[in-house]
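> One file: final26.csv (CSV, N, CA and C atoms).
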chain,number,residue,atom,x,y,z
E,1,MET,N,-1.8,13.4,-4.6
E,1,MET,CA,-3.0,12.5,-4.4
E,1,MET,C,-2.6,11.4,-3.5
E,2,ARG,N,-3.5,11.0,-2.7
E,2,ARG,CA,-3.2,9.8,-1.8
E,2,ARG,C,-4.3,8.8,-1.8
E,3,TYR,N,-3.9,7.6,-1.9
E,3,TYR,CA,-4.9,6.5,-1.9
E,3,TYR,C,-4.4,5.4,-0.9
E,4,SER,N,-5.3,4.6,-0.5
E,4,SER,CA,-4.8,3.5,0.4
E,4,SER,C,-5.7,2.3,0.2
E,5,ILE,N,-5.1,1.1,0.5
E,5,ILE,CA,-5.9,-0.1,0.5
E,5,ILE,C,-5.6,-0.9,1.7
E,6,LEU,N,-6.5,-1.8,2.1
E,6,LEU,CA,-6.3,-2.6,3.3
E,6,LEU,C,-6.0,-4.1,2.9
E,7,TYR,N,-5.3,-4.8,3.8
E,7,TYR,CA,-4.9,-6.2,3.5
E,7,TYR,C,-5.5,-7.1,4.6
E,8,GLU,N,-5.7,-8.3,4.3
E,8,GLU,CA,-6.2,-9.3,5.2
E,8,GLU,C,-5.0,-9.6,6.2
E,9,PHE,N,-5.4,-10.1,7.4
E,9,PHE,CA,-4.4,-10.4,8.4
E,9,PHE,C,-3.3,-11.3,7.8
E,10,ASN,N,-2.0,-11.0,8.0
E,10,ASN,CA,-0.9,-11.8,7.7
E,10,ASN,C,-0.9,-12.2,6.2
E,11,ASN,N,-1.4,-11.3,5.3
E,11,ASN,CA,-1.5,-11.6,3.9
E,11,ASN,C,-0.8,-10.4,3.1
E,12,ALA,N,-0.1,-10.8,2.0
E,12,ALA,CA,0.5,-9.7,1.2
E,12,ALA,C,-0.1,-9.7,-0.2
E,13,LYS,N,-1.2,-10.3,-0.4
E,13,LYS,CA,-1.9,-10.2,-1.7
E,13,LYS,C,-3.2,-9.5,-1.6
E,14,ALA,N,-3.3,-8.4,-2.4
E,14,ALA,CA,-4.5,-7.6,-2.3
E,14,ALA,C,-5.7,-8.4,-2.8
E,15,ILE,N,-6.9,-8.2,-2.1
E,15,ILE,CA,-8.1,-8.9,-2.6
E,15,ILE,C,-8.5,-8.3,-3.9
E,16,MET,N,-9.3,-9.1,-4.6
E,16,MET,CA,-9.7,-8.8,-6.0
E,16,MET,C,-10.2,-7.3,-6.2
E,17,ILE,N,-11.1,-6.9,-5.3
E,17,ILE,CA,-11.7,-5.6,-5.5
E,17,ILE,C,-10.6,-4.5,-5.4
E,18,TYR,N,-9.6,-4.7,-4.5
E,18,TYR,CA,-8.5,-3.7,-4.5
E,18,TYR,C,-7.6,-3.8,-5.7
E,19,GLN,N,-7.4,-5.0,-6.2
E,19,GLN,CA,-6.6,-5.2,-7.4
E,19,GLN,C,-7.3,-4.4,-8.6
E,20,ARG,N,-8.6,-4.5,-8.7
E,20,ARG,CA,-9.3,-3.7,-9.7
E,20,ARG,C,-9.2,-2.2,-9.5
E,21,TYR,N,-9.4,-1.8,-8.2
E,21,TYR,CA,-9.3,-0.4,-7.8
E,21,TYR,C,-8.0,0.2,-8.2
E,22,LEU,N,-6.9,-0.5,-7.9
E,22,LEU,CA,-5.6,-0.1,-8.2
E,22,LEU,C,-5.4,0.0,-9.8
E,23,ALA,N,-5.8,-1.0,-10.5
E,23,ALA,CA,-5.6,-1.1,-11.9
E,23,ALA,C,-6.5,-0.1,-12.7
E,24,ASP,N,-7.7,0.0,-12.3
E,24,ASP,CA,-8.7,0.8,-13.0
E,24,ASP,C,-8.8,2.2,-12.6
E,25,ILE,N,-8.6,2.5,-11.4
E,25,ILE,CA,-8.8,3.9,-10.8
E,25,ILE,C,-7.4,4.5,-10.5
E,26,VAL,N,-6.7,3.9,-9.6
E,26,VAL,CA,-5.4,4.6,-9.2
E,26,VAL,C,-4.4,4.8,-10.3
E,27,SER,N,-4.2,3.7,-11.1
E,27,SER,CA,-3.2,3.8,-12.2
E,27,SER,C,-3.5,4.9,-13.2
E,28,THR,N,-4.8,5.2,-13.4
E,28,THR,CA,-5.2,6.2,-14.4
E,28,THR,C,-5.0,7.6,-13.8
E,29,GLN,N,-4.7,7.7,-12.5
E,29,GLN,CA,-4.5,9.0,-11.9
E,29,GLN,C,-3.0,9.4,-11.9
E,30,ILE,N,-2.1,8.5,-12.3
E,30,ILE,CA,-0.7,8.8,-12.3
E,30,ILE,C,-0.3,9.6,-13.5
E,31,PRO,N,0.2,10.8,-13.3
E,31,PRO,CA,0.6,11.7,-14.4
E,31,PRO,C,1.8,11.2,-15.1
E,32,ILE,N,2.0,11.6,-16.3
E,32,ILE,CA,3.2,11.2,-17.1
E,32,ILE,C,4.4,11.7,-16.4
E,33,GLY,N,5.4,10.9,-16.2
E,33,GLY,CA,6.6,11.2,-15.5
E,33,GLY,C,6.5,11.4,-14.0
E,34,GLY,N,5.3,10.9,-13.5
E,34,GLY,CA,5.1,11.1,-12.1
E,34,GLY,C,5.9,10.1,-11.2
E,35,THR,N,5.8,10.3,-9.9
E,35,THR,CA,6.4,9.4,-9.0
E,35,THR,C,5.4,8.8,-8.1
E,36,VAL,N,5.4,7.5,-7.8
E,36,VAL,CA,4.5,6.9,-6.9
E,36,VAL,C,5.2,6.3,-5.7
E,37,MET,N,4.9,6.9,-4.6
E,37,MET,CA,5.5,6.4,-3.3
E,37,MET,C,4.6,5.5,-2.6
E,38,ILE,N,5.0,4.3,-2.4
E,38,ILE,CA,4.2,3.2,-1.8
E,38,ILE,C,4.8,2.8,-0.5
E,39,HIS,N,3.9,3.0,0.6
E,39,HIS,CA,4.3,2.7,2.0
E,39,HIS,C,3.5,1.6,2.5
E,40,GLY,N,4.1,0.5,2.9
E,40,GLY,CA,3.5,-0.7,3.5
E,40,GLY,C,3.6,-0.7,5.0
E,41,TYR,N,2.5,-1.2,5.7
E,41,TYR,CA,2.4,-1.2,7.1
E,41,TYR,C,1.8,-2.5,7.6
E,42,THR,N,2.0,-2.8,8.9
E,42,THR,CA,1.3,-4.0,9.5
E,42,THR,C,0.8,-3.5,10.9
E,43,ASP,N,0.1,-4.5,11.5
E,43,ASP,CA,-0.2,-4.2,12.9
E,43,ASP,C,0.9,-4.8,13.8
E,44,ILE,N,0.7,-4.8,15.1
E,44,ILE,CA,1.8,-5.3,16.0
E,44,ILE,C,1.8,-6.7,16.3
E,45,ILE,N,0.8,-7.5,15.7
E,45,ILE,CA,0.8,-8.9,16.0
E,45,ILE,C,1.8,-9.6,15.1
E,46,GLY,N,2.6,-10.5,15.8
E,46,GLY,CA,3.7,-11.2,15.1
E,46,GLY,C,5.0,-10.6,15.4
E,47,GLY,N,6.0,-11.2,14.9
E,47,GLY,CA,7.4,-10.8,15.2
E,47,GLY,C,7.8,-9.5,14.4
E,48,GLU,N,8.7,-8.8,14.9
E,48,GLU,CA,9.1,-7.5,14.3
E,48,GLU,C,9.7,-7.7,12.9
E,49,ALA,N,10.6,-8.7,12.8
E,49,ALA,CA,11.2,-9.0,11.5
E,49,ALA,C,10.2,-9.5,10.5
E,50,HIS,N,9.3,-10.3,10.9
E,50,HIS,CA,8.2,-10.8,10.0
E,50,HIS,C,7.3,-9.7,9.5
E,51,ASN,N,7.0,-8.8,10.4
E,51,ASN,CA,6.1,-7.7,10.1
E,51,ASN,C,6.8,-6.7,9.1
E,52,LEU,N,8.1,-6.5,9.3
E,52,LEU,CA,8.8,-5.6,8.4
E,52,LEU,C,8.8,-6.2,7.0
E,53,GLU,N,9.1,-7.5,6.9
E,53,GLU,CA,9.0,-8.3,5.6
E,53,GLU,C,7.6,-8.2,5.0
E,54,LEU,N,6.6,-8.4,5.8
E,54,LEU,CA,5.2,-8.4,5.3
E,54,LEU,C,4.8,-7.0,4.8
E,55,SER,N,5.2,-6.0,5.5
E,55,SER,CA,4.9,-4.6,5.0
E,55,SER,C,5.5,-4.3,3.7
E,56,LEU,N,6.7,-4.8,3.5
E,56,LEU,CA,7.4,-4.5,2.2
E,56,LEU,C,6.8,-5.4,1.1
E,57,ALA,N,6.4,-6.6,1.5
E,57,ALA,CA,5.7,-7.5,0.5
E,57,ALA,C,4.4,-6.9,0.0
E,58,ARG,N,3.7,-6.3,1.0
E,58,ARG,CA,2.4,-5.6,0.6
E,58,ARG,C,2.7,-4.4,-0.3
E,59,ALA,N,3.7,-3.6,0.0
E,59,ALA,CA,4.0,-2.5,-0.8
E,59,ALA,C,4.4,-2.9,-2.2
E,60,ASN,N,5.2,-4.0,-2.3
E,60,ASN,CA,5.6,-4.5,-3.6
E,60,ASN,C,4.5,-5.1,-4.4
E,61,ASN,N,3.5,-5.7,-3.7
E,61,ASN,CA,2.3,-6.2,-4.3
E,61,ASN,C,1.5,-5.0,-5.0
E,62,VAL,N,1.4,-3.9,-4.4
E,62,VAL,CA,0.8,-2.7,-5.0
E,62,VAL,C,1.6,-2.3,-6.2
E,63,LYS,N,2.9,-2.2,-6.0
E,63,LYS,CA,3.7,-1.8,-7.1
E,63,LYS,C,3.5,-2.7,-8.4
E,64,THR,N,3.5,-4.0,-8.1
E,64,THR,CA,3.3,-4.9,-9.3
E,64,THR,C,2.0,-4.7,-10.0
E,65,ILE,N,0.9,-4.5,-9.2
E,65,ILE,CA,-0.4,-4.3,-9.8
E,65,ILE,C,-0.4,-3.0,-10.6
E,66,LEU,N,0.2,-1.9,-10.0
E,66,LEU,CA,0.2,-0.6,-10.8
E,66,LEU,C,1.1,-0.7,-12.0
E,67,GLU,N,2.3,-1.4,-11.9
E,67,GLU,CA,3.2,-1.5,-13.0
E,67,GLU,C,2.5,-2.3,-14.2
E,68,ASN,N,1.8,-3.4,-13.8
E,68,ASN,CA,1.1,-4.2,-14.8
E,68,ASN,C,0.0,-3.3,-15.5
E,69,ALA,N,-0.7,-2.6,-14.8
E,69,ALA,CA,-1.8,-1.7,-15.4
E,69,ALA,C,-1.2,-0.7,-16.3
E,70,LEU,N,-0.1,0.0,-15.8
E,70,LEU,CA,0.6,1.0,-16.6
E,70,LEU,C,1.1,0.4,-17.9
E,71,SER,N,1.7,-0.8,-17.8
E,71,SER,CA,2.3,-1.5,-18.9
E,71,SER,C,1.2,-1.8,-20.0
E,72,LYS,N,0.1,-2.3,-19.5
E,72,LYS,CA,-1.1,-2.5,-20.5
E,72,LYS,C,-1.5,-1.3,-21.2
E,73,ALA,N,-1.3,-0.1,-20.5
E,73,ALA,CA,-1.6,1.2,-21.1
E,73,ALA,C,-0.5,1.7,-22.0
E,74,GLY,N,0.6,1.0,-22.1
E,74,GLY,CA,1.8,1.4,-22.9
E,74,GLY,C,2.7,2.4,-22.2
E,75,ARG,N,2.6,2.4,-20.9
E,75,ARG,CA,3.4,3.4,-20.1
E,75,ARG,C,4.5,2.8,-19.3
E,76,SER,N,5.7,3.5,-19.4
E,76,SER,CA,6.8,3.1,-18.6
E,76,SER,C,7.6,4.3,-18.1
E,77,ASP,N,6.8,5.4,-17.9
E,77,ASP,CA,7.4,6.7,-17.5
E,77,ASP,C,7.3,7.0,-16.0
E,78,VAL,N,6.9,6.0,-15.2
E,78,VAL,CA,6.6,6.3,-13.8
E,78,VAL,C,7.7,5.8,-12.9
E,79,LYS,N,8.1,6.6,-12.0
E,79,LYS,CA,9.2,6.2,-11.0
E,79,LYS,C,8.4,5.7,-9.7
E,80,PHE,N,8.9,4.6,-9.2
E,80,PHE,CA,8.3,4.0,-8.0
E,80,PHE,C,9.3,4.1,-6.8
E,81,GLU,N,8.8,4.4,-5.6
E,81,GLU,CA,9.6,4.3,-4.4
E,81,GLU,C,8.8,3.5,-3.4
E,82,VAL,N,9.4,2.4,-3.0
E,82,VAL,CA,8.7,1.4,-2.2
E,82,VAL,C,9.3,1.3,-0.8
E,83,THR,N,8.6,1.4,0.3
E,83,THR,CA,9.1,1.2,1.6
E,83,THR,C,8.1,0.3,2.4
E,84,GLY,N,8.7,-0.4,3.4
E,84,GLY,CA,7.9,-1.1,4.3
E,84,GLY,C,8.3,-0.7,5.7
E,85,SER,N,7.3,-0.3,6.5
E,85,SER,CA,7.6,0.2,7.9
E,85,SER,C,7.2,-0.8,9.0
E,86,GLY,N,6.7,-2.0,8.6
E,86,GLY,CA,6.4,-3.0,9.6
E,86,GLY,C,5.4,-2.4,10.6
E,87,GLU,N,5.7,-2.7,11.8
E,87,GLU,CA,4.8,-2.3,13.0
E,87,GLU,C,5.3,-1.1,13.7
E,88,ASP,N,6.3,-0.4,13.1
E,88,ASP,CA,6.9,0.8,13.7
E,88,ASP,C,5.8,1.7,14.2
E,89,GLN,N,5.7,1.9,15.5
E,89,GLN,CA,4.6,2.7,16.1
E,89,GLN,C,4.8,4.2,15.8
E,90,SER,N,6.0,4.6,15.5
E,90,SER,CA,6.2,6.0,15.2
E,90,SER,C,5.8,6.3,13.8
E,91,LEU,N,5.6,5.3,12.9
E,91,LEU,CA,5.2,5.5,11.5
E,91,LEU,C,3.8,5.0,11.2
E,92,ALA,N,3.2,4.2,12.1
E,92,ALA,CA,1.9,3.6,11.9
E,92,ALA,C,0.8,4.6,11.8
E,93,PRO,N,-0.1,4.4,10.8
E,93,PRO,CA,-1.2,5.4,10.6
E,93,PRO,C,-2.1,5.5,11.8
E,94,PHE,N,-2.2,4.4,12.6
E,94,PHE,CA,-3.1,4.3,13.8
E,94,PHE,C,-2.4,3.7,14.9
E,95,ASP,N,-3.0,3.9,16.1
E,95,ASP,CA,-2.5,3.1,17.3
E,95,ASP,C,-2.8,1.7,17.1
E,96,ASN,N,-2.3,0.8,18.0
E,96,ASN,CA,-2.5,-0.6,17.9
E,96,ASN,C,-3.1,-1.2,19.1
E,97,LYS,N,-3.8,-0.4,19.9
E,97,LYS,CA,-4.4,-0.8,21.1
E,97,LYS,C,-5.6,-1.7,21.0
E,98,PHE,N,-6.4,-1.4,19.9
E,98,PHE,CA,-7.7,-2.0,19.7
E,98,PHE,C,-7.7,-2.8,18.4
E,99,PRO,N,-8.6,-3.8,18.3
E,99,PRO,CA,-8.6,-4.6,17.1
E,99,PRO,C,-8.9,-3.7,15.8
E,100,GLU,N,-9.8,-2.7,16.0
E,100,GLU,CA,-10.1,-1.9,14.8
E,100,GLU,C,-8.9,-1.1,14.4
E,101,GLU,N,-8.1,-0.6,15.3
E,101,GLU,CA,-6.8,0.1,14.9
E,101,GLU,C,-5.8,-0.8,14.2
E,102,ARG,N,-5.7,-2.0,14.8
E,102,ARG,CA,-4.8,-3.0,14.1
E,102,ARG,C,-5.3,-3.3,12.7
E,103,PHE,N,-6.6,-3.5,12.5
E,103,PHE,CA,-7.2,-3.7,11.2
E,103,PHE,C,-6.7,-2.6,10.2
E,104,TYR,N,-6.9,-1.4,10.6
E,104,TYR,CA,-6.5,-0.3,9.7
E,104,TYR,C,-5.0,-0.1,9.5
E,105,ASN,N,-4.2,-0.7,10.4
E,105,ASN,CA,-2.8,-0.6,10.2
E,105,ASN,C,-2.3,-1.6,9.2
E,106,ARG,N,-3.1,-2.5,8.8
E,106,ARG,CA,-2.8,-3.5,7.7
E,106,ARG,C,-3.0,-2.9,6.4
E,107,THR,N,-2.2,-1.9,6.1
E,107,THR,CA,-2.5,-1.0,4.9
E,107,THR,C,-1.3,-0.7,4.1
E,108,VAL,N,-1.6,-0.3,2.9
E,108,VAL,CA,-0.6,0.3,2.0
E,108,VAL,C,-1.1,1.7,1.6
E,109,ILE,N,-0.3,2.7,1.8
E,109,ILE,CA,-0.6,4.1,1.4
E,109,ILE,C,0.1,4.4,0.1
E,110,ILE,N,-0.6,4.9,-0.8
E,110,ILE,CA,0.0,5.3,-2.1
E,110,ILE,C,-0.1,6.8,-2.3
E,111,ASP,N,1.1,7.4,-2.5
E,111,ASP,CA,1.2,8.9,-2.7
E,111,ASP,C,1.6,9.1,-4.2
E,112,ILE,N,0.9,9.9,-4.9
E,112,ILE,CA,1.2,10.1,-6.3
E,112,ILE,C,1.7,11.6,-6.4
E,113,ILE,N,2.9,11.7,-7.0
E,113,ILE,CA,3.5,13.1,-7.1
E,113,ILE,C,3.7,13.4,-8.5
E,114,ARG,N,3.3,14.6,-8.9
E,114,ARG,CA,3.5,15.1,-10.3
E,114,ARG,C,5.0,15.3,-10.6
E,115,ALA,N,5.4,15.1,-11.8
E,115,ALA,CA,6.8,15.5,-12.2
E,115,ALA,C,7.0,16.9,-12.1
E,116,LYS,N,8.2,17.3,-11.8
E,116,LYS,CA,8.5,18.7,-11.6
E,116,LYS,C,9.0,19.3,-12.9
Any chance you could give the structure as structure tokens?

Amino acid sequence: MRYSILYEFNNAKAIMIYQRYLADIVSTQIPIGGTVMIHGYTDIIGGEAHNLELSLARANNVKTILENALSKAGRSDVKFEVTGSGEDQSLAPFDNKFPEERFYNRTVIIDIIRAK
């Protein structure tokens, strides 16, 4: 299963509606013993080092929200893998030529994998 959320420009804190979405919807879809792979991205505006740090901060923000929701449900059986790709064009979900593409690259993609 794959989910994604968008972030505001140069921000690593999910807006409230996405926080609720992650806690109330996404966390409930994580199977017992599952793995959650969280990939953070940015657009190309700003320095490369800053964007790499920002993408990882976004991914960790999602991890924290999911961990808190799972903890409230009494769960600690989930493995997390967190990566930040910054503005790396070879990994970006979209091109960065137009404002709309840059907007959609300010994202975190969440992949949920069942335990084997």
> Which residues are close to Ile38 of chain E, i.e. within 7 Å by only N, CA and C atoms, leaving aside same-chain residues fewer than 2 positions away? Reply as a compact mmCIF listing (two decimals) with N, CA and C atoms, in the coordinates of the input.

# COMPACT_ATOMS: atom_id res chain seq x y z
N VAL E 36 5.40 7.50 -7.80
CA VAL E 36 4.50 6.90 -6.90
C VAL E 36 5.20 6.30 -5.70
N GLY E 40 4.10 0.50 2.90
CA GLY E 40 3.50 -0.70 3.50
C GLY E 40 3.60 -0.70 5.00
N ALA E 59 3.70 -3.60 0.00
CA ALA E 59 4.00 -2.50 -0.80
C ALA E 59 4.40 -2.90 -2.20
N LYS E 63 2.90 -2.20 -6.00
CA LYS E 63 3.70 -1.80 -7.10
C LYS E 63 3.50 -2.70 -8.40
N PHE E 80 8.90 4.60 -9.20
CA PHE E 80 8.30 4.00 -8.00
C PHE E 80 9.30 4.10 -6.80
N GLU E 81 8.80 4.40 -5.60
CA GLU E 81 9.60 4.30 -4.40
C GLU E 81 8.80 3.50 -3.40
N VAL E 82 9.40 2.40 -3.00
CA VAL E 82 8.70 1.40 -2.20
C VAL E 82 9.30 1.30 -0.80
N THR E 83 8.60 1.40 0.30
CA THR E 83 9.10 1.20 1.60
C THR E 83 8.10 0.30 2.40
N GLY E 84 8.70 -0.40 3.40
CA GLY E 84 7.90 -1.10 4.30
C GLY E 84 8.30 -0.70 5.70
N VAL E 108 -1.60 -0.30 2.90
CA VAL E 108 -0.60 0.30 2.00
C VAL E 108 -1.10 1.70 1.60
N ILE E 109 -0.30 2.70 1.80
CA ILE E 109 -0.60 4.10 1.40
C ILE E 109 0.10 4.40 0.10
N ILE E 110 -0.60 4.90 -0.80
CA ILE E 110 0.00 5.30 -2.10
C ILE E 110 -0.10 6.80 -2.30
N ASP E 111 1.10 7.40 -2.50
CA ASP E 111 1.20 8.90 -2.70
C ASP E 111 1.60 9.10 -4.20
> Between E:Ile44, E:Leu56, E:Leu22, E:Ile112, single out the one closest to Lys97 of chain E, counting all atoms listed in the file.
E:Ile44
> So which residues touch Ser76 of chain E within 12 Å, counting only C-alpha atoms, skipping near sequence neighbours fewer than 2 positions away, as an MDAnalysis selection string?
chainID E and resid 27 30:35 66:74 78:80
> One decimal, Å: what's the distance from atom N of His39 of chain E over to atom C of Val26 of chain E, could you say?
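Straight-line distance from atom N of His39 of chain E to atom C of Val26 of chain E works out to 13.8 Å.
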> Where in chain E does DSSP assign strand (DSSP E or B), given as a PyMOL selection string?
chain E and resi 2-6+35-40+79-84+107-113
> Just give me the gap between atom C of Asn105 of chain E and atom C of Asn10 of chain E in Å, one decimal is fine.
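Atom C of Asn10 of chain E lies 11.1 Å from atom C of Asn105 of chain E.
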> Hey, which of E:Asn60, E:Arg2, E:Arg106, E:Lys116 ends up closest to Pro93 of chain E? Count only N, CA and C atoms.
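Among the listed residues, E:Arg106 lies closest to Pro93 of chain E.
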> Run DSSP on the backbone and grab whatever in segment 45-105 of chain E lands in helix (DSSP H, G or I); send it over as a PDB file with N, CA and C atoms, in the frame of the given file.

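Produced file states_21.pdb, reproduced below:
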ATOM      1  N   GLU E  48       8.700  -8.800  14.900  1.00  0.00           N
ATOM      2  CA  GLU E  48       9.100  -7.500  14.300  1.00  0.00           C
ATOM      3  C   GLU E  48       9.700  -7.700  12.900  1.00  0.00           C
ATOM      4  N   ALA E  49      10.600  -8.700  12.800  1.00  0.00           N
ATOM      5  CA  ALA E  49      11.200  -9.000  11.500  1.00  0.00           C
ATOM      6  C   ALA E  49      10.200  -9.500  10.500  1.00  0.00           C
ATOM      7  N   HIS E  50       9.300 -10.300  10.900  1.00  0.00           N
ATOM      8  CA  HIS E  50       8.200 -10.800  10.000  1.00  0.00           C
ATOM      9  C   HIS E  50       7.300  -9.700   9.500  1.00  0.00           C
ATOM     10  N   ASN E  51       7.000  -8.800  10.400  1.00  0.00           N
ATOM     11  CA  ASN E  51       6.100  -7.700  10.100  1.00  0.00           C
ATOM     12  C   ASN E  51       6.800  -6.700   9.100  1.00  0.00           C
ATOM     13  N   LEU E  52       8.100  -6.500   9.300  1.00  0.00           N
ATOM     14  CA  LEU E  52       8.800  -5.600   8.400  1.00  0.00           C
ATOM     15  C   LEU E  52       8.800  -6.200   7.000  1.00  0.00           C
ATOM     16  N   GLU E  53       9.100  -7.500   6.900  1.00  0.00           N
ATOM     17  CA  GLU E  53       9.000  -8.300   5.600  1.00  0.00           C
ATOM     18  C   GLU E  53       7.600  -8.200   5.000  1.00  0.00           C
ATOM     19  N   LEU E  54       6.600  -8.400   5.800  1.00  0.00           N
ATOM     20  CA  LEU E  54       5.200  -8.400   5.300  1.00  0.00           C
ATOM     21  C   LEU E  54       4.800  -7.000   4.800  1.00  0.00           C
ATOM     22  N   SER E  55       5.200  -6.000   5.500  1.00  0.00           N
ATOM     23  CA  SER E  55       4.900  -4.600   5.000  1.00  0.00           C
ATOM     24  C   SER E  55       5.500  -4.300   3.700  1.00  0.00           C
ATOM     25  N   LEU E  56       6.700  -4.800   3.500  1.00  0.00           N
ATOM     26  CA  LEU E  56       7.400  -4.500   2.200  1.00  0.00           C
ATOM     27  C   LEU E  56       6.800  -5.400   1.100  1.00  0.00           C
ATOM     28  N   ALA E  57       6.400  -6.600   1.500  1.00  0.00           N
ATOM     29  CA  ALA E  57       5.700  -7.500   0.500  1.00  0.00           C
ATOM     30  C   ALA E  57       4.400  -6.900   0.000  1.00  0.00           C
ATOM     31  N   ARG E  58       3.700  -6.300   1.000  1.00  0.00           N
ATOM     32  CA  ARG E  58       2.400  -5.600   0.600  1.00  0.00           C
ATOM     33  C   ARG E  58       2.700  -4.400  -0.300  1.00  0.00           C
ATOM     34  N   ALA E  59       3.700  -3.600   0.000  1.00  0.00           N
ATOM     35  CA  ALA E  59       4.000  -2.500  -0.800  1.00  0.00           C
ATOM     36  C   ALA E  59       4.400  -2.900  -2.200  1.00  0.00           C
ATOM     37  N   ASN E  60       5.200  -4.000  -2.300  1.00  0.00           N
ATOM     38  CA  ASN E  60       5.600  -4.500  -3.600  1.00  0.00           C
ATOM     39  C   ASN E  60       4.500  -5.100  -4.400  1.00  0.00           C
ATOM     40  N   ASN E  61       3.500  -5.700  -3.700  1.00  0.00           N
ATOM     41  CA  ASN E  61       2.300  -6.200  -4.300  1.00  0.00           C
ATOM     42  C   ASN E  61       1.500  -5.000  -5.000  1.00  0.00           C
ATOM     43  N   VAL E  62       1.400  -3.900  -4.400  1.00  0.00           N
ATOM     44  CA  VAL E  62       0.800  -2.700  -5.000  1.00  0.00           C
ATOM     45  C   VAL E  62       1.600  -2.300  -6.200  1.00  0.00           C
ATOM     46  N   LYS E  63       2.900  -2.200  -6.000  1.00  0.00           N
ATOM     47  CA  LYS E  63       3.700  -1.800  -7.100  1.00  0.00           C
ATOM     48  C   LYS E  63       3.500  -2.700  -8.400  1.00  0.00           C
ATOM     49  N   THR E  64       3.500  -4.000  -8.100  1.00  0.00           N
ATOM     50  CA  THR E  64       3.300  -4.900  -9.300  1.00  0.00           C
ATOM     51  C   THR E  64       2.000  -4.700 -10.000  1.00  0.00           C
ATOM     52  N   ILE E  65       0.900  -4.500  -9.200  1.00  0.00           N
ATOM     53  CA  ILE E  65      -0.400  -4.300  -9.800  1.00  0.00           C
ATOM     54  C   ILE E  65      -0.400  -3.000 -10.600  1.00  0.00           C
ATOM     55  N   LEU E  66       0.200  -1.900 -10.000  1.00  0.00           N
ATOM     56  CA  LEU E  66       0.200  -0.600 -10.800  1.00  0.00           C
ATOM     57  C   LEU E  66       1.100  -0.700 -12.000  1.00  0.00           C
ATOM     58  N   GLU E  67       2.300  -1.400 -11.900  1.00  0.00           N
ATOM     59  CA  GLU E  67       3.200  -1.500 -13.000  1.00  0.00           C
ATOM     60  C   GLU E  67       2.500  -2.300 -14.200  1.00  0.00           C
ATOM     61  N   ASN E  68       1.800  -3.400 -13.800  1.00  0.00           N
ATOM     62  CA  ASN E  68       1.100  -4.200 -14.800  1.00  0.00           C
ATOM     63  C   ASN E  68       0.000  -3.300 -15.500  1.00  0.00           C
ATOM     64  N   ALA E  69      -0.700  -2.600 -14.800  1.00  0.00           N
ATOM     65  CA  ALA E  69      -1.800  -1.700 -15.400  1.00  0.00           C
ATOM     66  C   ALA E  69      -1.200  -0.700 -16.300  1.00  0.00           C
ATOM     67  N   LEU E  70      -0.100   0.000 -15.800  1.00  0.00           N
ATOM     68  CA  LEU E  70       0.600   1.000 -16.600  1.00  0.00           C
ATOM     69  C   LEU E  70       1.100   0.400 -17.900  1.00  0.00           C
ATOM     70  N   SER E  71       1.700  -0.800 -17.800  1.00  0.00           N
ATOM     71  CA  SER E  71       2.300  -1.500 -18.900  1.00  0.00           C
ATOM     72  C   SER E  71       1.200  -1.800 -20.000  1.00  0.00           C
ATOM     73  N   LYS E  72       0.100  -2.300 -19.500  1.00  0.00           N
ATOM     74  CA  LYS E  72      -1.100  -2.500 -20.500  1.00  0.00           C
ATOM     75  C   LYS E  72      -1.500  -1.300 -21.200  1.00  0.00           C
ATOM     76  N   PRO E  99      -8.600  -3.800  18.300  1.00  0.00           N
ATOM     77  CA  PRO E  99      -8.600  -4.600  17.100  1.00  0.00           C
ATOM     78  C   PRO E  99      -8.900  -3.700  15.800  1.00  0.00           C
ATOM     79  N   GLU E 100      -9.800  -2.700  16.000  1.00  0.00           N
ATOM     80  CA  GLU E 100     -10.100  -1.900  14.800  1.00  0.00           C
ATOM     81  C   GLU E 100      -8.900  -1.100  14.400  1.00  0.00           C
ATOM     82  N   GLU E 101      -8.100  -0.600  15.300  1.00  0.00           N
ATOM     83  CA  GLU E 101      -6.800   0.100  14.900  1.00  0.00           C
ATOM     84  C   GLU E 101      -5.800  -0.800  14.200  1.00  0.00           C
ATOM     85  N   ARG E 102      -5.700  -2.000  14.800  1.00  0.00           N
ATOM     86  CA  ARG E 102      -4.800  -3.000  14.100  1.00  0.00           C
ATOM     87  C   ARG E 102      -5.300  -3.300  12.700  1.00  0.00           C
ATOM     88  N   PHE E 103      -6.600  -3.500  12.500  1.00  0.00           N
ATOM     89  CA  PHE E 103      -7.200  -3.700  11.200  1.00  0.00           C
ATOM     90  C   PHE E 103      -6.700  -2.600  10.200  1.00  0.00           C
ATOM     91  N   TYR E 104      -6.900  -1.400  10.600  1.00  0.00           N
ATOM     92  CA  TYR E 104      -6.500  -0.300   9.700  1.00  0.00           C
ATOM     93  C   TYR E 104      -5.000  -0.100   9.500  1.00  0.00           C
ATOM     94  N   ASN E 105      -4.200  -0.700  10.400  1.00  0.00           N
ATOM     95  CA  ASN E 105      -2.800  -0.600  10.200  1.00  0.00           C
ATOM     96  C   ASN E 105      -2.300  -1.600   9.200  1.00  0.00           C
TER      97      ASN E 105
END
> Quick check, in Å to one decimal: how far apart do atom N of Ala12 of chain E and atom C of Leu54 of chain E lie?
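Rounded to one decimal, the two atoms are 6.8 Å apart.
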> Need the shell around Glu87 of chain E: protein/DNA/RNA residues with any atom at most 8 Å away, counting only N, CA and C atoms. Skip same-chain ones fewer than 4 positions apart. Format as an MDAnalysis selection string?
chainID E and resid 40:45 47:53 55 91:92
> Quick one: of E:Ile113, E:Gln89, E:Phe103, E:Phe98, who's nearest to Phe9 of chain E, counting all atoms listed in the file?
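Nearest candidate to Phe9 of chain E out of E:Ile113, E:Gln89, E:Phe103, E:Phe98: E:Phe103.
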> Looking at E:Ser90, E:Ser4, E:Asn11, E:Asn96, which one is nearest to Met37 of chain E, with distances taken over only C-alpha atoms?
E:Ser4
